[in-house]
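Asker: Quick one, data21.pdb (PDB, C-alpha atoms):
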ATOM      1  CA  MET B 158     -22.676  12.283 -59.871
ATOM      2  CA  SER B 159     -22.536  11.819 -56.095
ATOM      3  CA  SER B 160     -23.196   8.400 -54.611
ATOM      4  CA  GLN B 161     -26.704   7.658 -53.371
ATOM      5  CA  LEU B 162     -25.470   5.235 -50.730
ATOM      6  CA  PRO B 163     -25.547   7.689 -47.782
ATOM      7  CA  ALA B 164     -29.086   8.745 -48.648
ATOM      8  CA  LEU B 165     -30.229   5.143 -49.055
ATOM      9  CA  LYS B 166     -28.657   4.202 -45.736
ATOM     10  CA  LEU B 167     -30.553   7.052 -44.104
ATOM     11  CA  LEU B 168     -33.777   5.937 -45.771
ATOM     12  CA  ASP B 169     -33.355   2.429 -44.345
ATOM     13  CA  LEU B 170     -32.811   3.860 -40.867
ATOM     14  CA  ILE B 171     -35.894   6.071 -41.137
ATOM     15  CA  GLN B 172     -38.001   3.107 -42.172
ATOM     16  CA  SER B 173     -36.697   0.730 -39.495
ATOM     17  CA  HIS B 174     -39.951   0.989 -37.521
ATOM     18  CA  ARG B 175     -41.463  -1.240 -40.204
ATOM     19  CA  ILE B 176     -39.290  -4.141 -39.027
ATOM     20  CA  THR B 177     -40.713  -3.881 -35.504
ATOM     21  CA  ALA B 178     -44.228  -3.898 -36.966
ATOM     22  CA  VAL B 179     -43.540  -6.965 -39.111
ATOM     23  CA  ILE B 180     -42.081  -8.882 -36.156
ATOM     24  CA  HIS B 181     -45.042  -7.861 -33.994
ATOM     25  CA  VAL B 182     -47.521  -9.356 -36.460
ATOM     26  CA  ALA B 183     -45.461 -12.541 -36.624
ATOM     27  CA  VAL B 184     -45.634 -13.025 -32.846
ATOM     28  CA  ARG B 185     -49.316 -12.093 -32.721
ATOM     29  CA  LEU B 186     -50.005 -14.823 -35.264
ATOM     30  CA  GLY B 187     -47.775 -17.322 -33.470
ATOM     31  CA  LEU B 188     -45.855 -18.149 -36.642
ATOM     32  CA  ALA B 189     -42.725 -19.334 -34.827
ATOM     33  CA  GLU B 190     -44.727 -21.851 -32.819
ATOM     34  CA  LEU B 191     -46.465 -23.099 -35.965
ATOM     35  CA  LEU B 192     -43.090 -23.669 -37.649
ATOM     36  CA  ARG B 193     -41.464 -25.180 -34.563
ATOM     37  CA  ASP B 194     -41.620 -28.733 -35.951
ATOM     38  CA  GLY B 195     -40.636 -27.959 -39.531
ATOM     39  CA  PRO B 196     -41.555 -26.047 -42.699
ATOM     40  CA  GLN B 197     -45.161 -25.287 -43.566
ATOM     41  CA  THR B 198     -46.813 -23.998 -46.704
ATOM     42  CA  VAL B 199     -48.364 -20.563 -46.756
ATOM     43  CA  ALA B 200     -51.754 -22.199 -47.235
ATOM     44  CA  LYS B 201     -51.397 -24.280 -44.065
ATOM     45  CA  LEU B 202     -50.160 -21.277 -42.089
ATOM     46  CA  ALA B 203     -53.069 -19.202 -43.358
ATOM     47  CA  ALA B 204     -55.519 -21.905 -42.323
ATOM     48  CA  ALA B 205     -53.932 -22.169 -38.870
ATOM     49  CA  THR B 206     -53.910 -18.428 -38.227
ATOM     50  CA  GLY B 207     -57.070 -17.394 -40.040
ATOM     51  CA  ALA B 208     -55.055 -14.893 -42.098
ATOM     52  CA  ASP B 209     -55.604 -14.034 -45.734
ATOM     53  CA  GLU B 210     -53.309 -16.384 -47.655
ATOM     54  CA  ARG B 211     -51.965 -13.843 -50.161
ATOM     55  CA  ALA B 212     -51.386 -11.189 -47.507
ATOM     56  CA  LEU B 213     -49.690 -13.715 -45.224
ATOM     57  CA  GLY B 214     -47.428 -14.752 -48.085
ATOM     58  CA  ARG B 215     -46.282 -11.158 -48.470
ATOM     59  CA  LEU B 216     -45.631 -10.904 -44.708
ATOM     60  CA  LEU B 217     -43.544 -14.093 -44.833
ATOM     61  CA  THR B 218     -41.555 -12.679 -47.735
ATOM     62  CA  ALA B 219     -40.721  -9.631 -45.635
ATOM     63  CA  LEU B 220     -39.816 -11.820 -42.664
ATOM     64  CA  SER B 221     -37.482 -13.845 -44.864
ATOM     65  CA  THR B 222     -35.660 -10.717 -46.043
ATOM     66  CA  ILE B 223     -34.773  -9.800 -42.451
ATOM     67  CA  GLY B 224     -33.585 -13.312 -41.668
ATOM     68  CA  LEU B 225     -36.344 -14.621 -39.400
ATOM     69  CA  PHE B 226     -37.838 -17.140 -41.828
ATOM     70  CA  ALA B 227     -36.433 -18.955 -44.862
ATOM     71  CA  ARG B 228     -38.327 -19.976 -47.970
ATOM     72  CA  THR B 229     -37.748 -23.641 -48.775
ATOM     73  CA  SER B 230     -39.850 -25.066 -51.582
ATOM     74  CA  ASP B 231     -43.454 -25.481 -52.624
ATOM     75  CA  ASN B 232     -44.221 -22.042 -51.217
ATOM     76  CA  SER B 233     -43.140 -23.266 -47.775
ATOM     77  CA  TYR B 234     -41.305 -21.440 -45.009
ATOM     78  CA  ALA B 235     -39.063 -22.580 -42.168
ATOM     79  CA  LEU B 236     -37.657 -20.919 -39.067
ATOM     80  CA  THR B 237     -34.104 -19.627 -39.014
ATOM     81  CA  ASP B 238     -32.044 -19.685 -35.816
ATOM     82  CA  VAL B 239     -32.963 -16.036 -35.264
ATOM     83  CA  GLY B 240     -36.644 -16.591 -35.994
ATOM     84  CA  ALA B 241     -36.744 -19.471 -33.511
ATOM     85  CA  CYS B 242     -36.243 -16.903 -30.742
ATOM     86  CA  LEU B 243     -39.779 -15.656 -31.458
ATOM     87  CA  ASP B 244     -41.099 -18.968 -30.146
ATOM     88  CA  GLY B 245     -42.392 -18.445 -26.626
ATOM     89  CA  ALA B 246     -41.053 -21.883 -25.639
ATOM     90  CA  SER B 247     -37.497 -21.147 -26.760
ATOM     91  CA  GLU B 248     -34.821 -20.948 -24.072
ATOM     92  CA  GLN B 249     -33.758 -17.647 -25.662
ATOM     93  CA  SER B 250     -37.228 -16.359 -26.498
ATOM     94  CA  PHE B 251     -37.807 -12.664 -27.090
ATOM     95  CA  LYS B 252     -41.493 -13.024 -27.872
ATOM     96  CA  ALA B 253     -42.548 -11.053 -24.811
ATOM     97  CA  TRP B 254     -40.031  -8.339 -25.671
ATOM     98  CA  ALA B 255     -41.578  -8.024 -29.138
ATOM     99  CA  PHE B 256     -44.928  -7.281 -27.493
ATOM    100  CA  LEU B 257     -43.326  -4.747 -25.130
ATOM    101  CA  GLU B 258     -41.518  -2.939 -27.920
ATOM    102  CA  ALA B 259     -44.409  -2.823 -30.380
ATOM    103  CA  GLU B 260     -47.322  -2.267 -28.005
ATOM    104  CA  MET B 261     -45.760  -0.068 -25.320
ATOM    105  CA  LEU B 262     -42.346   1.390 -26.122
ATOM    106  CA  THR B 263     -43.119   2.420 -29.709
ATOM    107  CA  LYS B 264     -46.049   4.469 -28.428
ATOM    108  CA  SER B 265     -43.937   5.998 -25.678
ATOM    109  CA  TRP B 266     -41.124   6.959 -28.043
ATOM    110  CA  ALA B 267     -43.584   8.932 -30.152
ATOM    111  CA  GLY B 268     -43.281  11.589 -27.439
ATOM    112  CA  LEU B 269     -39.474  11.668 -27.399
ATOM    113  CA  LEU B 270     -39.275  15.231 -28.714
ATOM    114  CA  GLU B 271     -41.189  16.587 -25.726
ATOM    115  CA  THR B 272     -38.855  14.711 -23.384
ATOM    116  CA  ILE B 273     -35.786  16.097 -25.161
ATOM    117  CA  MET B 274     -37.182  19.635 -24.982
ATOM    118  CA  THR B 275     -38.139  19.461 -21.300
ATOM    119  CA  GLY B 276     -35.872  16.786 -19.831
ATOM    120  CA  LYS B 277     -38.971  15.176 -18.313
ATOM    121  CA  THR B 278     -40.083  11.568 -18.615
ATOM    122  CA  ALA B 279     -43.372  10.542 -20.197
ATOM    123  CA  ALA B 280     -44.860  10.043 -16.724
ATOM    124  CA  GLN B 281     -43.658  13.430 -15.432
ATOM    125  CA  LEU B 282     -45.199  15.131 -18.451
ATOM    126  CA  MET B 283     -48.500  13.550 -17.382
ATOM    127  CA  GLY B 284     -48.134  14.704 -13.775
ATOM    128  CA  LEU B 285     -47.066  11.336 -12.374
ATOM    129  CA  GLU B 286     -43.936  10.557 -10.376
ATOM    130  CA  ASN B 287     -42.426   7.831 -12.559
ATOM    131  CA  SER B 288     -43.124   5.452 -15.417
ATOM    132  CA  PHE B 289     -43.842   2.535 -13.086
ATOM    133  CA  ASP B 290     -46.746   4.497 -11.598
ATOM    134  CA  LEU B 291     -47.940   5.209 -15.137
ATOM    135  CA  MET B 292     -47.611   1.567 -16.142
ATOM    136  CA  GLY B 293     -49.446   0.471 -13.003
ATOM    137  CA  GLN B 294     -52.584   2.207 -14.248
ATOM    138  CA  THR B 295     -52.893  -0.536 -16.874
ATOM    139  CA  PRO B 296     -52.492  -4.029 -15.356
ATOM    140  CA  GLY B 297     -52.035  -5.548 -18.794
ATOM    141  CA  ASN B 298     -48.986  -3.365 -19.355
ATOM    142  CA  VAL B 299     -47.476  -4.517 -16.054
ATOM    143  CA  ALA B 300     -47.823  -8.130 -17.212
ATOM    144  CA  LYS B 301     -46.220  -7.318 -20.581
ATOM    145  CA  PHE B 302     -43.347  -5.515 -18.898
ATOM    146  CA  ASN B 303     -42.680  -8.323 -16.422
ATOM    147  CA  ALA B 304     -42.736 -10.945 -19.173
ATOM    148  CA  ALA B 305     -40.302  -8.923 -21.269
ATOM    149  CA  MET B 306     -37.939  -8.484 -18.318
ATOM    150  CA  THR B 307     -38.009 -12.250 -17.846
ATOM    151  CA  ASP B 308     -37.016 -12.673 -21.508
ATOM    152  CA  LEU B 309     -34.045 -10.352 -21.056
ATOM    153  CA  THR B 310     -32.952 -11.895 -17.759
ATOM    154  CA  ARG B 311     -33.120 -15.403 -19.241
ATOM    155  CA  LEU B 312     -30.835 -14.309 -22.072
ATOM    156  CA  VAL B 313     -28.310 -12.534 -19.827
ATOM    157  CA  THR B 314     -28.187 -15.139 -17.048
ATOM    158  CA  PRO B 315     -25.846 -17.678 -18.727
ATOM    159  CA  GLU B 316     -23.271 -14.909 -19.267
ATOM    160  CA  ILE B 317     -23.595 -13.814 -15.639
ATOM    161  CA  LEU B 318     -23.060 -17.391 -14.462
ATOM    162  CA  ARG B 319     -20.077 -17.733 -16.799
ATOM    163  CA  CYS B 320     -18.288 -14.558 -15.751
ATOM    164  CA  TYR B 321     -18.878 -14.464 -11.990
ATOM    165  CA  ASP B 322     -18.143 -17.112  -9.347
ATOM    166  CA  PHE B 323     -20.988 -17.313  -6.823
ATOM    167  CA  SER B 324     -19.651 -20.465  -5.149
ATOM    168  CA  GLY B 325     -18.125 -18.586  -2.211
ATOM    169  CA  LEU B 326     -21.451 -17.082  -1.129
ATOM    170  CA  SER B 327     -23.793 -18.639   1.396
ATOM    171  CA  HIS B 328     -26.741 -16.211   1.063
ATOM    172  CA  LEU B 329     -27.477 -13.862  -1.834
ATOM    173  CA  MET B 330     -30.294 -11.315  -1.980
ATOM    174  CA  ASP B 331     -31.647 -10.164  -5.332
ATOM    175  CA  VAL B 332     -32.985  -6.656  -4.739
ATOM    176  CA  GLY B 333     -35.629  -5.802  -7.319
ATOM    177  CA  GLY B 334     -35.518  -9.472  -8.318
ATOM    178  CA  GLY B 335     -39.015  -9.644  -9.812
ATOM    179  CA  SER B 336     -40.073 -13.209 -10.584
ATOM    180  CA  GLY B 337     -36.825 -14.726  -9.308
ATOM    181  CA  GLU B 338     -35.522 -15.739 -12.736
ATOM    182  CA  LEU B 339     -31.928 -14.651 -12.068
ATOM    183  CA  LEU B 340     -31.573 -15.769  -8.449
ATOM    184  CA  GLY B 341     -33.287 -19.053  -9.236
ATOM    185  CA  ALA B 342     -30.732 -19.804 -11.959
ATOM    186  CA  ILE B 343     -27.835 -18.858  -9.674
ATOM    187  CA  ALA B 344     -29.221 -21.137  -6.948
ATOM    188  CA  MET B 345     -29.622 -24.026  -9.374
ATOM    189  CA  GLN B 346     -25.939 -23.798 -10.315
ATOM    190  CA  ASN B 347     -24.781 -23.291  -6.706
ATOM    191  CA  ARG B 348     -26.473 -25.938  -4.580
ATOM    192  CA  GLN B 349     -25.027 -24.612  -1.327
ATOM    193  CA  LEU B 350     -26.507 -21.164  -1.862
ATOM    194  CA  ARG B 351     -29.497 -19.778  -0.031
ATOM    195  CA  GLY B 352     -31.216 -16.692  -1.350
ATOM    196  CA  THR B 353     -33.931 -14.084  -1.045
ATOM    197  CA  VAL B 354     -35.810 -12.323  -3.819
ATOM    198  CA  PHE B 355     -36.752  -8.846  -2.595
ATOM    199  CA  ASP B 356     -39.328  -6.822  -4.514
ATOM    200  CA  LEU B 357     -42.748  -5.220  -4.306
ATOM    201  CA  PRO B 358     -45.617  -7.357  -2.972
ATOM    202  CA  ARG B 359     -47.131  -7.643  -6.455
ATOM    203  CA  CYS B 360     -44.157  -9.842  -7.480
ATOM    204  CA  ALA B 361     -44.680 -12.394  -4.699
ATOM    205  CA  GLU B 362     -46.994 -14.797  -6.515
ATOM    206  CA  ALA B 363     -44.909 -14.987  -9.690
ATOM    207  CA  ALA B 364     -41.645 -15.376  -7.769
ATOM    208  CA  THR B 365     -42.830 -18.071  -5.367
ATOM    209  CA  SER B 366     -44.428 -19.995  -8.237
ATOM    210  CA  HIS B 367     -41.261 -19.836 -10.336
ATOM    211  CA  LEU B 368     -38.942 -20.809  -7.475
ATOM    212  CA  ARG B 369     -41.186 -23.752  -6.646
ATOM    213  CA  HIS B 370     -41.325 -24.811 -10.302
ATOM    214  CA  ILE B 371     -37.525 -24.966 -10.686
ATOM    215  CA  GLY B 372     -37.094 -26.754  -7.370
ATOM    216  CA  VAL B 373     -35.235 -24.194  -5.251
ATOM    217  CA  SER B 374     -38.049 -22.931  -3.022
ATOM    218  CA  ASP B 375     -36.538 -24.808  -0.065
ATOM    219  CA  ARG B 376     -33.472 -22.536  -0.284
ATOM    220  CA  VAL B 377     -34.752 -19.328  -1.922
ATOM    221  CA  ASP B 378     -37.620 -17.302  -0.496
ATOM    222  CA  PHE B 379     -39.406 -14.046  -1.297
ATOM    223  CA  ALA B 380     -39.478 -10.907   0.856
ATOM    224  CA  ALA B 381     -41.772  -7.993   0.063
ATOM    225  CA  GLY B 382     -40.825  -4.359   0.431
ATOM    226  CA  ASP B 383     -39.784  -1.117  -1.234
ATOM    227  CA  PHE B 384     -36.053  -0.629  -1.846
ATOM    228  CA  PHE B 385     -36.503   3.150  -1.578
ATOM    229  CA  GLN B 386     -37.624   2.676   2.028
ATOM    230  CA  ARG B 387     -35.531  -0.188   3.348
ATOM    231  CA  VAL B 388     -33.629  -3.287   2.258
ATOM    232  CA  PRO B 389     -33.748  -6.212   4.717
ATOM    233  CA  PRO B 390     -30.460  -7.447   6.236
ATOM    234  CA  ALA B 391     -28.330  -9.463   3.808
ATOM    235  CA  ILE B 392     -25.808 -12.069   4.933
ATOM    236  CA  ASP B 393     -23.195 -12.158   2.159
ATOM    237  CA  ALA B 394     -24.098 -10.185  -0.907
ATOM    238  CA  ILE B 395     -26.754  -8.202  -2.742
ATOM    239  CA  ILE B 396     -27.280  -8.308  -6.489
ATOM    240  CA  LEU B 397     -29.315  -5.804  -8.530
ATOM    241  CA  LYS B 398     -29.884  -6.444 -12.204
ATOM    242  CA  SER B 399     -31.002  -3.573 -14.449
ATOM    243  CA  VAL B 400     -32.253  -1.622 -11.438
ATOM    244  CA  ILE B 401     -29.858   1.286 -11.000
ATOM    245  CA  HIS B 402     -30.062   2.325 -14.663
ATOM    246  CA  ASP B 403     -33.782   2.972 -14.131
ATOM    247  CA  TRP B 404     -33.149   5.894 -11.776
ATOM    248  CA  ASP B 405     -31.387   9.242 -11.604
ATOM    249  CA  ASP B 406     -28.431   9.760  -9.274
ATOM    250  CA  VAL B 407     -30.557  10.909  -6.320
ATOM    251  CA  ARG B 408     -32.837   7.889  -6.370
ATOM    252  CA  SER B 409     -30.027   5.487  -7.236
ATOM    253  CA  THR B 410     -28.031   6.739  -4.267
ATOM    254  CA  SER B 411     -31.064   6.155  -2.039
ATOM    255  CA  ILE B 412     -31.311   2.520  -3.192
ATOM    256  CA  LEU B 413     -27.573   1.912  -2.864
ATOM    257  CA  ARG B 414     -27.375   3.445   0.617
ATOM    258  CA  ASN B 415     -30.204   1.190   1.742
ATOM    259  CA  CYS B 416     -28.239  -1.746   0.340
ATOM    260  CA  ARG B 417     -25.143  -0.603   2.217
ATOM    261  CA  GLN B 418     -27.037  -0.509   5.492
ATOM    262  CA  ALA B 419     -28.297  -4.042   4.817
ATOM    263  CA  LEU B 420     -24.834  -5.538   4.208
ATOM    264  CA  PRO B 421     -22.281  -6.686   6.784
ATOM    265  CA  GLY B 422     -18.813  -5.110   6.816
ATOM    266  CA  ASN B 423     -17.410  -7.730   4.459
ATOM    267  CA  GLY B 424     -20.475  -7.813   2.242
ATOM    268  CA  LYS B 425     -20.460  -7.456  -1.529
ATOM    269  CA  LEU B 426     -22.678  -5.495  -3.877
ATOM    270  CA  LEU B 427     -23.134  -6.789  -7.438
ATOM    271  CA  LEU B 428     -24.696  -4.603 -10.137
ATOM    272  CA  VAL B 429     -25.619  -6.133 -13.487
ATOM    273  CA  GLU B 430     -25.755  -3.210 -15.887
ATOM    274  CA  ARG B 431     -24.722  -1.935 -19.292
ATOM    275  CA  LEU B 432     -21.595   0.218 -19.373
ATOM    276  CA  MET B 433     -21.704   3.214 -21.674
ATOM    277  CA  PRO B 434     -18.358   3.879 -23.356
ATOM    278  CA  GLU B 435     -16.869   7.305 -22.780
ATOM    279  CA  SER B 436     -16.832   7.853 -26.566
ATOM    280  CA  PRO B 437     -19.490   5.686 -28.265
ATOM    281  CA  THR B 438     -18.839   4.472 -31.809
ATOM    282  CA  THR B 439     -21.195   3.210 -34.513
ATOM    283  CA  ASN B 440     -20.867  -0.461 -33.578
ATOM    284  CA  GLU B 441     -24.006  -2.404 -32.639
ATOM    285  CA  GLU B 442     -23.251  -2.651 -28.919
ATOM    286  CA  ASP B 443     -22.614   1.071 -28.509
ATOM    287  CA  ARG B 444     -25.782   1.830 -30.465
ATOM    288  CA  ALA B 445     -27.786  -0.526 -28.242
ATOM    289  CA  HIS B 446     -26.427   1.205 -25.137
ATOM    290  CA  ALA B 447     -27.176   4.685 -26.491
ATOM    291  CA  LEU B 448     -30.732   3.770 -27.459
ATOM    292  CA  SER B 449     -31.268   2.122 -24.078
ATOM    293  CA  ASP B 450     -30.060   5.358 -22.498
ATOM    294  CA  LEU B 451     -32.751   7.305 -24.363
ATOM    295  CA  ASN B 452     -35.306   4.693 -23.324
ATOM    296  CA  MET B 453     -34.355   5.360 -19.701
ATOM    297  CA  LEU B 454     -34.679   9.115 -20.309
ATOM    298  CA  ARG B 455     -38.156   8.729 -21.789
ATOM    299  CA  GLY B 456     -39.204   6.039 -19.303
ATOM    300  CA  PRO B 457     -38.276   5.910 -15.623
ATOM    301  CA  GLY B 458     -35.815   8.810 -15.811
ATOM    302  CA  GLY B 459     -32.557   6.927 -15.350
ATOM    303  CA  LEU B 460     -29.533   6.579 -17.598
ATOM    304  CA  GLU B 461     -26.886   4.182 -18.847
ATOM    305  CA  ARG B 462     -23.681   5.138 -17.033
ATOM    306  CA  THR B 463     -19.997   4.901 -17.848
ATOM    307  CA  GLU B 464     -17.533   3.071 -15.612
ATOM    308  CA  ARG B 465     -16.456   6.432 -14.193
ATOM    309  CA  GLN B 466     -20.039   7.428 -13.442
ATOM    310  CA  TYR B 467     -20.703   4.126 -11.652
ATOM    311  CA  ALA B 468     -17.533   4.560  -9.599
ATOM    312  CA  GLU B 469     -18.670   8.040  -8.544
ATOM    313  CA  LEU B 470     -22.217   6.889  -7.773
ATOM    314  CA  LEU B 471     -20.940   3.986  -5.688
ATOM    315  CA  ALA B 472     -18.532   6.256  -3.788
ATOM    316  CA  GLN B 473     -21.369   8.636  -2.935
ATOM    317  CA  SER B 474     -23.313   5.658  -1.560
ATOM    318  CA  GLY B 475     -20.564   4.258   0.675
ATOM    319  CA  PHE B 476     -19.062   1.710  -1.717
ATOM    320  CA  ARG B 477     -15.891   1.393  -3.744
ATOM    321  CA  LEU B 478     -15.779  -0.222  -7.158
ATOM    322  CA  ALA B 479     -13.715  -3.406  -6.846
ATOM    323  CA  ALA B 480     -13.969  -5.190 -10.213
ATOM    324  CA  ILE B 481     -15.907  -5.376 -13.470
ATOM    325  CA  TYR B 482     -16.700  -8.685 -15.176
ATOM    326  CA  PRO B 483     -17.928  -8.477 -18.810
ATOM    327  CA  ALA B 484     -21.108 -10.508 -19.389
ATOM    328  CA  GLY B 485     -22.070 -10.109 -23.035
ATOM    329  CA  ARG B 486     -23.699  -6.710 -23.540
ATOM    330  CA  PHE B 487     -23.889  -6.364 -19.770
ATOM    331  CA  ASN B 488     -21.338  -6.323 -16.958
ATOM    332  CA  VAL B 489     -21.222  -7.557 -13.396
ATOM    333  CA  ILE B 490     -19.910  -4.640 -11.339
ATOM    334  CA  GLU B 491     -18.586  -5.753  -7.956
ATOM    335  CA  ALA B 492     -18.368  -3.218  -5.160
ATOM    336  CA  HIS B 493     -17.250  -3.425  -1.529
ATOM    337  CA  LEU B 494     -18.119  -1.267   1.445
ATOM    338  CA  ASN B 495     -15.835   1.695   2.139
TER     339      ASN B 495
END
Turn the structure described in the file into structure tokens.
Answerer:
Amino acid sequence: MSSQLPALKLLDLIQSHRITAVIHVAVRLGLAELLRDGPQTVAKLAAATGADERALGRLLTALSTIGLFARTSDNSYALTDVGACLDGASEQSFKAWAFLEAEMLTKSWAGLLETIMTGKTAAQLMGLENSFDLMGQTPGNVAKFNAAMTDLTRLVTPEILRCYDFSGLSHLMDVGGGSGELLGAIAMQNRQLRGTVFDLPRCAEAATSHLRHIGVSDRVDFAAGDFFQRVPPAIDAIILKSVIHDWDDVRSTSILRNCRQALPGNGKLLLVERLMPESPTTNEEDRAHALSDLNMLRGPGGLERTERQYAELLAQSGFRLAAIYPAGRFNVIEAHLN
């Protein structure tokens, strides 16, 4: 009799959407915050959330089987180290990302077949130019997206600071820098550094508020604009995190050429991006890159590129790839002007 293991493994993969749904309910109920100070009984959690006690108990059982909560005693549950990252106050919180995945991306991925058949993004299939235009039709979705990007940036930033030495720079511009999370952290570690967050006008309020809150607003400012049109002059270096993977080669080249025009002859370009392996395997990192690549295909229309593809894209834009610094699942790609 043949083994059932391959079939069971496939079944688990098919059903993996249930895990996203379970996590989504946990963050909607605020369970991580309720367990922040220690274990609680199901009864107390039910009273705090207004949930049905028996149904909540079954949810907590499921959450414990995926390692987010741990059953202690007296029908009580506690947070695990992984589950603590669902707490919105955690330094490594992914609460906002859970909302993005469950409430926006899951719905978008339901149309993946049409994208595969046509090569068009979800927005293009609806007659719009790109997914950011589509998202802009629902202000609540813009807020969810921005919060999720902050979650991801906060997680990646320590690795960026570990792998790359910013101490030799006097002025750094973060193009597409959103709320200033990354540049603010770089400025906090490098007290001599001045900086500029460059992004669309809608990001101004969040960025200026954040930079003021962390105490770097005297050295880091915000400039509004569209990187497809023009990038303001940069003194030392430009950094773009998770920007180029959003766009196809034509649009990416447009952004990079604008960056080149903004840099002095000895300026540096830093890209913080995933690097797709030439021959992906079944390990977790390769799988994450491949699924992110499909997310770019369905969403804004970009892609996760290999080192060779980045080198070619940079060359077409007037740069040469100088070095790559691994930063966890991401990399800091340094390029110089040709």
Asker: Excluding region 237-244 of chain B and any residue of its chain fewer than 6 positions from it, enumerate the residues within 8 Å of it, using only C-alpha atoms, and give them as a PyMOL selection string.
Answerer: chain B and resi 184+187+189-190+193+224-227+250-252
Asker: Print the selection's residues with C-alpha atoms to a file, as a PDB file, keeping the file's coordinate frame.
Answerer:
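result_22.pdb, freshly written:
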ATOM      1  CA  VAL B 184     -45.634 -13.025 -32.846  1.00  0.00           C
ATOM      2  CA  GLY B 187     -47.775 -17.322 -33.470  1.00  0.00           C
ATOM      3  CA  ALA B 189     -42.725 -19.334 -34.827  1.00  0.00           C
ATOM      4  CA  GLU B 190     -44.727 -21.851 -32.819  1.00  0.00           C
ATOM      5  CA  ARG B 193     -41.464 -25.180 -34.563  1.00  0.00           C
ATOM      6  CA  GLY B 224     -33.585 -13.312 -41.668  1.00  0.00           C
ATOM      7  CA  LEU B 225     -36.344 -14.621 -39.400  1.00  0.00           C
ATOM      8  CA  PHE B 226     -37.838 -17.140 -41.828  1.00  0.00           C
ATOM      9  CA  ALA B 227     -36.433 -18.955 -44.862  1.00  0.00           C
ATOM     10  CA  SER B 250     -37.228 -16.359 -26.498  1.00  0.00           C
ATOM     11  CA  PHE B 251     -37.807 -12.664 -27.090  1.00  0.00           C
ATOM     12  CA  LYS B 252     -41.493 -13.024 -27.872  1.00  0.00           C
TER      13      LYS B 252
END
Asker: Using all atoms listed in the file, find the one residue out of B:Leu257, B:Ala480, B:Leu494, B:Met453 that sits nearest to Thr272 (chain B).
Answerer: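 Closest to Thr272 (chain B) of all the choices is B:Met453.
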Asker: Taking 5 positions as the minimum chain separation for residues in the same chain, which residues sit within 8 Å of region 363-365 of chain B when counting only C-alpha atoms? Answer as JSON, numbers by chain.
Answerer: {"B": [335, 336, 337, 338, 354, 374, 378, 379]}
Asker: Which residues are near Asp393 (chain B)? Cut-off 12 Å, only C-alpha atoms, ignore same chain within fewer than 3 positions. Put them as an MDAnalysis selection string.
Answerer: chainID B and resid 323:331 350:353 390 396 416:417 419:427 493
Asker: Let me make sure I understand: among B:Val400, B:Ala305, B:Ala381, B:Leu470, which one has the smallest atom-to-atom distance to Arg414 (chain B) if we use only C-alpha atoms?
Answerer: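 Counting only C-alpha atoms, the residue closest to Arg414 (chain B) is B:Leu470.
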Asker: Calculate how many Å separate CA of Ser288 (chain B) from CA of Leu454 (chain B), rounding to one decimal.
Answerer: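 It comes out at 10.4 Å.
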Asker: On this structure, which residues satisfy the PyMOL selection byres ((chain B and resi 488) around 8), written as a VMD selection string?
Answerer: chain B and resid 317 428 to 432 481 to 487 489 to 490
Asker: Could you work out how far CA of Thr310 (chain B) lies from CA of Leu339 (chain B), giving the answer in Å with one decimal?
Answerer: 6.4 Å
Asker: For Ala279 (chain B), which residue out of B:Gln161, B:Asn347, B:Asn452, B:Gln466 is the nearest one, using all atoms listed in the file?
Answerer: B:Asn452
Asker: Using Å and a single decimal, report how far CA of Leu368 (chain B) sits from CA of Gln249 (chain B).
Answerer: 19.2 Å
Asker: Using all atoms listed in the file, can you tell me which of B:Ala212, B:Ala183, B:Leu340, B:Ile401 comes closest to Thr307 (chain B)?
Answerer: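 For Thr307 (chain B), the nearest of the given residues is B:Leu340.
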Asker: In file coordinates, which residues lie within 7 Å of (-52.6, -18.5, -35.3) using all atoms listed in the file, given as a compact mmCIF listing (two decimals) with C-alpha atoms, keeping the file's coordinate frame?
Answerer:
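In the end it all went to out32.txt:
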# COMPACT_ATOMS: atom_id res chain seq x y z
CA LEU B 186 -50.00 -14.82 -35.26
CA GLY B 187 -47.78 -17.32 -33.47
CA LEU B 188 -45.86 -18.15 -36.64
CA ALA B 205 -53.93 -22.17 -38.87
CA THR B 206 -53.91 -18.43 -38.23
CA GLY B 207 -57.07 -17.39 -40.04
Asker: Going by the chain IDs and residue numbers used in this file, which residues fall under the PyMOL selection byres ((chain B and resi 289) around 12)? Write them as a ChimeraX atom specification.
Answerer: /B:278-281,285-288,290-296,298-299,302-303,357,403-404,453,456-458
